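To keep things clear, I will list the structure first and then write my remarks on it.
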Amino acid sequence: MGKALYIIVIGTFVAGSVLYMQSSNTNIATTTRQASYQEKVLAREIARSANGVAHLKLQQAGADYDEAVGNINGFNNDGSPKTNGVFSGSMNDGTFRIKAIPLDGQNIKVETVGIFAGIEEKIVSYHRVDVLVVKEPSKIRAEFIDSMAGWCSAVYLQQYIPISPGDSTGATTGVVSADGKWFEKYPEMIFDSGHNRNGETTEPADIVLETGTRMNFFIGVDKGCDHEGVWVDTFNENDYDHIHYAMDHEVSVTSMLEGTYSMIELHETHDQTWRIAFEDQNFYTEAQYNDIKLHGYGDGFWDHDEGTWGGDGWDADLFGYRELGNHGNQPDYSDQVIEVELIPCRVVSCEVEEVAI
């Protein structure tokens, strides 16, 4: 009897110990999971806060795309933004790192990582830089620079003017957008068909740009130069082999992005001056055009496995723009290149002269 009682007591003690250990392990696991969850939450909060800082730095660049990228990634010695730079720091007992990834001449992908106690949380967001937007009533001046082309092209301006309530201005010179917010003027020729005409300028006396107007430019490619030197008052798409837009026009006005066949860059010191570089060829793939925009010309041979021309970045010319070249076997964006400057009406007279009949 005594031995049996002893065995029962020992068994009860062992069973209790096992239950206690199981309970303790469960509590430890629960505590660990709670701690891990809290660390994840804190890492996420750091990422969110750092992402807010990133967008403030991006906004400080205004309409300067390169400066926006450089404000996050840092700048090279020549003043160009670093492609693979990272902005990092400490925050709320943790750390963060931010990278700006240029997508085109207007949109930037922002990757923000918050880190707490070894736990990482990433947030992806986007920043858009508005280009070709008129800040005040202005006249336009355009000049050909760095143009090297075998084909001819004419250059047109397309205006998108914001509509005020009850405004019907220009009802016979364009159409109202589908959303009713913009008056889309008919295209206006600013350069007739031609090529290789660096230094040629135009200051159309009859074009006055209103505040808030969004501009788009496009080239009508005239491969055989059949219309070279011919001025037309009414745009006819059938006059040209194909049309290449500076901004993608098949979207809403406020969503227009840099088009496949153009590179738009803001002047280093003048926020109402842009260089627009057009590519006139249209037989490459979207990936081949975009690789040139992001990485430069490379060795001129397309690597199908890597999906690249092999470029490692752009050099800058004397004016801070991408340094263009003439390349016959790849997109070069040096075919029709214009610099567009807006001159405020407070500086020059914007009265449109009437032509006597």
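Quick note on naming: the chains in the structure tokens go A, B, ... in the order shown, residues restart at 1 in each chain, and ligands are numbered from 1 in order of appearance.
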
request  = Compile the contact shell of A:Cys345 as number ranges by chain: residues with an atom at most 7 Å away, counting only C-alpha atoms, same-chain residues fewer than 6 positions apart removed.
outcome  = A: 137-139

Mind writing the picked residues with C-alpha atoms as an mmCIF file, in the first residue's frame?
data_model
loop_
_atom_site.group_PDB
_atom_site.id
_atom_site.type_symbol
_atom_site.label_atom_id
_atom_site.label_comp_id
_atom_site.auth_asym_id
_atom_site.auth_seq_id
_atom_site.Cartn_x
_atom_site.Cartn_y
_atom_site.Cartn_z
ATOM 1 C CA PRO A 137 0.420 83.925 -68.921
ATOM 2 C CA SER A 138 3.285 83.497 -71.348
ATOM 3 C CA LYS A 139 4.481 83.442 -74.915
#

Contact check, stretch 102-150 of chain A to stretch 308-331 of chain A, at most 10 Å, counting only C-alpha atoms, closest pairs as JSON lines:
{"residue": "A:Asp146", "atom": "CA", "partner": "A:Leu324", "partner_atom": "CA", "distance": 7.2}
{"residue": "A:Ser147", "atom": "CA", "partner": "A:Asn326", "partner_atom": "CA", "distance": 8.9}
{"residue": "A:Met148", "atom": "CA", "partner": "A:Asn326", "partner_atom": "CA", "distance": 6.5}
{"residue": "A:Ala149", "atom": "CA", "partner": "A:Asn326", "partner_atom": "CA", "distance": 8.2}
{"residue": "A:Gly150", "atom": "CA", "partner": "A:Gly328", "partner_atom": "CA", "distance": 9.9}

Taking C-alpha atoms for each residue, export the selection above as a PDB file, in the first residue's frame.
ATOM      1  CA  ASP A 146      21.320  68.779 -81.017  1.00  0.00           C
ATOM      2  CA  SER A 147      19.116  67.509 -83.864  1.00  0.00           C
ATOM      3  CA  MET A 148      20.541  64.794 -86.122  1.00  0.00           C
ATOM      4  CA  ALA A 149      18.045  63.091 -88.444  1.00  0.00           C
ATOM      5  CA  GLY A 150      17.782  61.601 -91.915  1.00  0.00           C
TER       6      GLY A 150
END

Per residue of stretch 57-145 of chain A within 6 Å of stretch 191-205 of chain A, what are the shortest atom pair and its distance in Å to one decimal, counting only C-alpha atoms, with rows by chain and residue number, as JSON lines?
{"residue": "A:Ile140", "atom": "CA", "partner": "A:Glu203", "partner_atom": "CA", "distance": 5.9}
{"residue": "A:Arg141", "atom": "CA", "partner": "A:Glu203", "partner_atom": "CA", "distance": 4.6}
{"residue": "A:Ala142", "atom": "CA", "partner": "A:Thr202", "partner_atom": "CA", "distance": 5.4}
{"residue": "A:Glu143", "atom": "CA", "partner": "A:Thr201", "partner_atom": "CA", "distance": 4.2}
{"residue": "A:Phe144", "atom": "CA", "partner": "A:Asn198", "partner_atom": "CA", "distance": 4.7}
{"residue": "A:Ile145", "atom": "CA", "partner": "A:Asn198", "partner_atom": "CA", "distance": 4.9}

Distance in Å - atom CA of A:Glu121 versus atom CA of A:Arg44 =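 Between these atoms lies a distance of 5.3 Å.
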
task = Might you pull out every residue within 6 Å of A:Glu184, with only C-alpha atoms counted and same-chain residues fewer than 4 positions away left off, and present them as number ranges by chain?
result = A: 159-160, 174-176

request  = One decimal, Å: what's the distance from atom CA of A:Asp206 over to atom CA of A:Thr173, could you say?
outcome  = 13.1 Å

query = stretch 94-183 of chain A: which residues are strand (DSSP E) by DSSP, as JSON, numbers by chain?
reply = {"A": [94, 95, 96, 97, 98, 99, 100, 101, 102, 107, 108, 109, 110, 111, 112, 113, 114, 115, 116, 119, 120, 121, 122, 123, 124, 125, 126, 127, 128, 138, 139, 140, 141, 142, 143, 144, 152, 153, 154, 155, 156, 157, 158, 159, 160, 161, 162, 174, 175, 176, 182, 183]}

query = Leaving out stretch 50-61 of chain A and any residue of its chain fewer than 5 positions from it, which residues lie within 6 Å of it when counting only C-alpha atoms, given as a list in words?
reply =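 Near neighbours after the sequence-gap exclusion: Glu67, Ala68 and Thr112 of chain A.
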
Could you pull out the helix (DSSP H, G or I) residues of stretch 135-290 of chain A from DSSP and send them as a CSV table (one decimal) with C-alpha atoms, in the first residue's frame?
chain,number,residue,atom,x,y,z
A,237,GLU,CA,-2.5,63.3,-89.7
A,238,ASN,CA,-2.5,61.8,-93.2
A,239,ASP,CA,0.3,64.1,-94.2
A,253,VAL,CA,-5.2,65.4,-69.3
A,254,THR,CA,-3.9,65.2,-65.7
A,255,SER,CA,-2.6,61.7,-66.1
A,286,GLU,CA,8.9,49.3,-75.5
A,287,ALA,CA,11.6,47.7,-73.4
A,288,GLN,CA,14.3,48.8,-75.9
A,289,TYR,CA,13.1,52.5,-75.8
A,290,ASN,CA,12.8,52.5,-72.0

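Using only C-alpha atoms, the smallest distance between any of A:Ala277, A:Ile343, A:Ile101, A:Val86 and A:Val208 comes from A:Ile343.
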
ask   = For A:Lys99, which residue out of A:Thr172, A:Asn71, A:Asn216, A:Thr269 is the nearest one, using only C-alpha atoms?
value =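 Closest residue, counting only C-alpha atoms: A:Asn71.
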
Counting only C-alpha atoms, which residues in stretch 206-300 of chain A sit no more than 9 Å from stretch 130-136 of chain A? For each one, give the nearest pair of atoms and the distance in Å, sorted by chain then residue number, as a tab-separated table.
residue	atom	partner	partner_atom	distance
A:Leu209	CA	A:Val134	CA	7.1
A:Glu210	CA	A:Glu136	CA	6.5
A:Thr211	CA	A:Glu136	CA	4.4
A:Gly212	CA	A:Val134	CA	5.2
A:Thr213	CA	A:Val134	CA	5.3
A:Arg214	CA	A:Val133	CA	4.6
A:Met215	CA	A:Leu132	CA	5.3
A:Asn216	CA	A:Leu132	CA	7.2
A:Thr254	CA	A:Asp130	CA	8.9
A:Leu257	CA	A:Asp130	CA	8.8
A:Glu258	CA	A:Val131	CA	8.8
A:Ile264	CA	A:Val131	CA	8.1
A:Glu265	CA	A:Val131	CA	8.6
A:Leu266	CA	A:Val131	CA	7.9
A:Gln272	CA	A:Val134	CA	7.4
A:Thr273	CA	A:Leu132	CA	8.5
A:Trp274	CA	A:Leu132	CA	7.6

Since we have the selection now, will you write its residues out, keeping N, CA and C atoms, as a PDB file, in the first residue's frame?
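Final output, selection35.pdb:
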ATOM      1  N   LEU A 209      -0.168  81.601 -74.013  1.00  0.00           N
ATOM      2  CA  LEU A 209      -0.519  80.485 -73.133  1.00  0.00           C
ATOM      3  C   LEU A 209      -1.100  81.003 -71.818  1.00  0.00           C
ATOM      4  N   GLU A 210      -2.232  80.443 -71.420  1.00  0.00           N
ATOM      5  CA  GLU A 210      -2.895  80.854 -70.184  1.00  0.00           C
ATOM      6  C   GLU A 210      -2.359  80.070 -68.986  1.00  0.00           C
ATOM      7  N   THR A 211      -2.485  80.677 -67.804  1.00  0.00           N
ATOM      8  CA  THR A 211      -2.076  80.016 -66.566  1.00  0.00           C
ATOM      9  C   THR A 211      -2.804  78.684 -66.411  1.00  0.00           C
ATOM     10  N   GLY A 212      -2.047  77.656 -66.051  1.00  0.00           N
ATOM     11  CA  GLY A 212      -2.642  76.341 -65.833  1.00  0.00           C
ATOM     12  C   GLY A 212      -2.739  75.472 -67.068  1.00  0.00           C
ATOM     13  N   THR A 213      -2.424  76.051 -68.224  1.00  0.00           N
ATOM     14  CA  THR A 213      -2.472  75.270 -69.465  1.00  0.00           C
ATOM     15  C   THR A 213      -1.425  74.155 -69.417  1.00  0.00           C
ATOM     16  N   ARG A 214      -1.823  72.986 -69.869  1.00  0.00           N
ATOM     17  CA  ARG A 214      -0.890  71.871 -70.005  1.00  0.00           C
ATOM     18  C   ARG A 214      -0.561  71.727 -71.486  1.00  0.00           C
ATOM     19  N   MET A 215       0.717  71.663 -71.762  1.00  0.00           N
ATOM     20  CA  MET A 215       1.172  71.593 -73.148  1.00  0.00           C
ATOM     21  C   MET A 215       1.558  70.166 -73.520  1.00  0.00           C
ATOM     22  N   ASN A 216       1.352  69.861 -74.767  1.00  0.00           N
ATOM     23  CA  ASN A 216       1.908  68.648 -75.346  1.00  0.00           C
ATOM     24  C   ASN A 216       2.485  69.036 -76.698  1.00  0.00           C
ATOM     25  N   THR A 254      -4.753  65.201 -66.879  1.00  0.00           N
ATOM     26  CA  THR A 254      -3.908  65.244 -65.680  1.00  0.00           C
ATOM     27  C   THR A 254      -3.102  63.973 -65.472  1.00  0.00           C
ATOM     28  N   LEU A 257       1.633  61.183 -69.249  1.00  0.00           N
ATOM     29  CA  LEU A 257       3.009  60.862 -68.886  1.00  0.00           C
ATOM     30  C   LEU A 257       3.921  61.082 -70.089  1.00  0.00           C
ATOM     31  N   GLU A 258       5.212  61.120 -69.832  1.00  0.00           N
ATOM     32  CA  GLU A 258       6.176  61.195 -70.916  1.00  0.00           C
ATOM     33  C   GLU A 258       5.953  60.012 -71.847  1.00  0.00           C
ATOM     34  N   ILE A 264      11.837  64.257 -71.894  1.00  0.00           N
ATOM     35  CA  ILE A 264      11.557  65.645 -71.497  1.00  0.00           C
ATOM     36  C   ILE A 264      12.397  65.978 -70.275  1.00  0.00           C
ATOM     37  N   GLU A 265      13.173  67.046 -70.349  1.00  0.00           N
ATOM     38  CA  GLU A 265      14.031  67.432 -69.229  1.00  0.00           C
ATOM     39  C   GLU A 265      13.873  68.914 -68.915  1.00  0.00           C
ATOM     40  N   LEU A 266      13.796  69.215 -67.636  1.00  0.00           N
ATOM     41  CA  LEU A 266      13.701  70.594 -67.182  1.00  0.00           C
ATOM     42  C   LEU A 266      15.078  71.243 -67.192  1.00  0.00           C
ATOM     43  N   GLN A 272      10.588  77.096 -66.317  1.00  0.00           N
ATOM     44  CA  GLN A 272       9.624  77.129 -67.410  1.00  0.00           C
ATOM     45  C   GLN A 272      10.347  76.958 -68.750  1.00  0.00           C
ATOM     46  N   THR A 273      11.422  76.184 -68.711  1.00  0.00           N
ATOM     47  CA  THR A 273      12.176  75.843 -69.915  1.00  0.00           C
ATOM     48  C   THR A 273      12.461  74.347 -69.904  1.00  0.00           C
ATOM     49  N   TRP A 274      12.154  73.695 -71.032  1.00  0.00           N
ATOM     50  CA  TRP A 274      12.360  72.253 -71.130  1.00  0.00           C
ATOM     51  C   TRP A 274      13.053  71.917 -72.445  1.00  0.00           C
TER      52      TRP A 274
END

key: From A:Asp93, A:Asp248, A:Glu111, A:Asp241, residue lying nearest A:Ile72 [only C-alpha atoms]   =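 Selected residue with least distance to A:Ile72: A:Glu111.
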
key: One-decimal distance in Å that lies between atom CA of A:Tyr156 and atom CA of A:Ser177   =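 Pair atom CA of A:Ser177 / atom CA of A:Tyr156 returns 19.1 Å.
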